[in-house]
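S.K.: Take a look at this one; I'll ask things after.
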Amino acid sequence: MPVNFRVPIFDVKNLNFSVRGQSILSNISLEIFNGEYIAIIGPNGGGKTTLARMLLGLEKPTSGTVRIFGKKLGDFKLWDKIGFVPQRASLVDANFPATVLDIVNMGRTSKRGIFSSMSKEDKDAVQDAMMKMDILDLKNKMVGTLSGGQRQRVMIARALASKPEILILDEPNTGVDMLSQKNFYTLLAKLNTDEKITILFITHDIGVIADDIGRLFTINQKAIICNNPKEALSCEEMSQLYGIDAHLIHNHKHEH
Amino acid sequence: MLEIFQYDFMQRAFLAGMIIAVLASVSGTFIVLKRYSMIGETLAHSALVGVAVGLVGGYNPLWMAVIVAVTSAWLIEYLRSSFALYSDAVLAILLSGSLAVAVVIVSLGGAFNNSLFSYLFGSILSVSSEDVITILIFGTVALALLLAFSKELYFIAYDEEVAQTSGIKVKLLNYLLVTVVAIIIALSIRVVGSLLIGALMVIPTVAALQYRVGFLQTTLISLFFALFSVACGMMLSFYFSLPSGATIVLSVLVLFIISLVKNKE
């Protein structure tokens, strides 16, 4: 299929969002295509999480349109094609009665009918997701007893269990140590290259994933789309403009 | 020991009590995990308005309790999801407001008597055959709904937004849950009483949570605790002529304390 006729996974046009007269996002237009690895960066309060919430239908734009797989937000039904890992993913309530398996099984919920138990397909998808995230041995552990890094992998496994075409991750590194973060970025890059999963990653710490990402969106009310993230990162002005602590920690994916 | 089953009223109370134990503990698991423990208490007070209308107006108090509790549940969910009000404040307002309305109705209607007392604290003597049939019919429907959507409700309790983004109809299911809880509460006030049913919903689950096991095991432990405390409470009520709601709640409270101490790290 010619590239020009590709239907983007997300097609955002002239998106505006304001709360009580205060503009949060202004005139945002962007497209996200199948197979891309995109990072969204920006200062806290700059609207990057709001943008993600709009892509997920959790927030309605004041004006403008969001199309998912070519459909208007209201008409889109195939939500299992989108895996979402929220900001608080690694900060699970320690008392919540859930084993790792309970959590990953949740990823199959919308695919199962009323009263129905897990089909072979469901179980295979859950097993596969846990294998990819290397958490099979944690299967029966209570999720509240895991480390931040382990929880993060569980949350991604839950998102992967629905066999999504795109993963949206909103700062999932909150509460995760540096070593786990490094492994995590390697894993994301692998999901993108090997599993062909489109990745949309929201972070304030772009230096860590700079080597892997294809495009970079910086969001501070307005969007600047940058097709060469490494150049953008070396630009001190951008760092100042967005108030980002642009320290570079290279994560060489071919290191090992 | 089993002489108590020679009495018809005890057979009826036991049957009703066991159904209520199942319903209260299963629905209570979702309520507690959603951090919505006080809704039981609030709906029980709303149900009391229905009881008051029933007693004064000569309608079936149980049916009236169901109607008022369900309406109140919808109002709570509407206020919670549509306005930027604190959930617990909404519950507190409705709780005291309902109680005030109920007291005014029974006072004006001159129905402040033993009959009302039994609705407040539960009475094993007051469970009629008609009540058992009503509890059985509504209870089966309520349980079927909870089981049908248990995986969705569990997901919502874990993370409402993530559940929504994976295509689960969160709003609809939240309404379904509060409706089912309202029905269960209204059905329970005969046996447990409106002032104490909230405890039977919350305490077995909180006790079960102390064992730090997965969802299914937590639900089963909670179910066992609820069944055990209802049975135990009814026997205490029978032998010591105490209101059944109080003896049931005290029984489950003992189980909670044991669970808490046993699992203390």
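By convention in this document, the chains of the structure tokens carry letters A, B, ... by their order, each chain's residues are numbered from 1, and ligands are numbered from 1 in the order they are shown.
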Residues of chain A within 8 Å of chain B, counting only C-alpha atoms - could you list those as a list in words?
M.R.: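 Every residue of chain A that passes the 8 Å test is in Leu56, Gly57, Leu58, Lys77, Leu78, Trp79, Asp80, Ile82, Gly83, Phe84, Val85, Pro86, Asn95, Phe96, Pro97, Ala98, Thr99, Asp102, Met106, Gly107, Thr109, Ser110, Ile114, Phe115 and Met142 of chain A.
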S.K.: From the DSSP assignment of the backbone, select every residue of region 14-59 of chain A that is strand (DSSP E or B), and format the answer as a short mmCIF file (atom, residue, chain, number, x, y, z; two decimals) with C-alpha atoms, in the first residue's frame.
M.R.:
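To be explicit, this is the file written out as selection-v5.cif:
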data_model
loop_
_atom_site.label_atom_id
_atom_site.label_comp_id
_atom_site.auth_asym_id
_atom_site.auth_seq_id
_atom_site.Cartn_x
_atom_site.Cartn_y
_atom_site.Cartn_z
CA ASN A 14 -6.73 21.34 15.34
CA LEU A 15 -7.27 20.05 18.83
CA ASN A 16 -8.01 22.59 21.53
CA PHE A 17 -8.70 21.96 25.16
CA SER A 18 -9.42 24.49 27.84
CA VAL A 19 -10.65 24.30 31.39
CA GLN A 22 -7.71 28.52 30.54
CA SER A 23 -6.11 26.94 27.50
CA ILE A 24 -4.36 23.63 28.21
CA LEU A 25 -3.78 22.53 24.63
CA SER A 26 -3.90 24.83 21.67
CA ASN A 27 -4.28 23.90 18.02
CA ILE A 28 -2.59 20.51 18.15
CA SER A 29 -2.41 18.51 14.92
CA LEU A 30 -0.49 15.30 14.65
CA GLU A 31 -0.58 11.83 13.14
CA ILE A 32 0.74 8.59 14.54
CA TYR A 37 8.06 4.76 18.24
CA ILE A 38 7.14 8.22 19.43
CA ALA A 39 7.98 10.05 22.62
CA ILE A 40 5.98 12.95 23.95
CA ILE A 41 7.90 15.26 26.24
#
S.K.: For the alpha helix (DSSP H) assignment from backbone DSSP, which residues of region 24-202 of chain B qualify? Please present them as an MDAnalysis selection string.
M.R.: chainID B and resid 24:33 38:57 61:82 87:109 114:121 129:148 150:158 160:165 170:188 197:202
S.K.: With a distance cut-off of 12 Å and only C-alpha atoms, select the neighbouring residues of Lys190 (chain A), excluding the residue or stretch itself and same-chain residues fewer than 5 positions from it, and output the selection as a PyMOL selection string.
M.R.: chain A and resi 35+37+132-133+183-185+195-199+212-213+253-254
S.K.: Got a sec: who's within 8 Å of Pro8 (chain A), counting only C-alpha atoms, leaving out chain neighbours fewer than 5 positions off, as a count of residues only?
M.R.: 7
S.K.: One decimal, Å: what's the distance from CA of Ser251 (chain B) over to CA of Ser237 (chain B), could you say?
M.R.: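 One can read the CA of Ser251 (chain B) to CA of Ser237 (chain B) distance as 11.0 Å.
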S.K.: Name the residues in contact with Pro204 (chain B) at a cut-off of 6 Å, using only C-alpha atoms, excluding same-chain residues fewer than 3 positions from it; report them as a list in words.
M.R.: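 Selected residues are Ala207, Ser222, Phe225 and Ala226 of chain B.
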S.K.: Hey, can you spit out that residue selection with C-alpha atoms as a JSON list (two decimals), in the first residue's frame?
M.R.:
[["chain", "number", "residue", "atom", "x", "y", "z"],
["B", 207, "ALA", "CA", -11.04, -9.25, 57.33],
["B", 222, "SER", "CA", -15.09, -13.11, 52.87],
["B", 225, "PHE", "CA", -16.75, -15.17, 57.25],
["B", 226, "ALA", "CA", -20.15, -13.71, 56.34]]
S.K.: Pick out the closest residue to Arg190 (chain B) from this set: B:Ile31, B:Leu108, B:Ala65, B:Cys232. Count only C-alpha atoms.
M.R.: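 Of the candidates, the smallest distance to Arg190 (chain B) is held by B:Ala65.
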S.K.: Pick out the closest residue to Phe9 (chain B) from this set: B:Thr205, B:Asn174, B:Ser123, B:Ser194. Count only C-alpha atoms.
M.R.: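 Comparing B:Thr205, B:Asn174, B:Ser123, B:Ser194 against Phe9 (chain B), the winner is B:Ser123.
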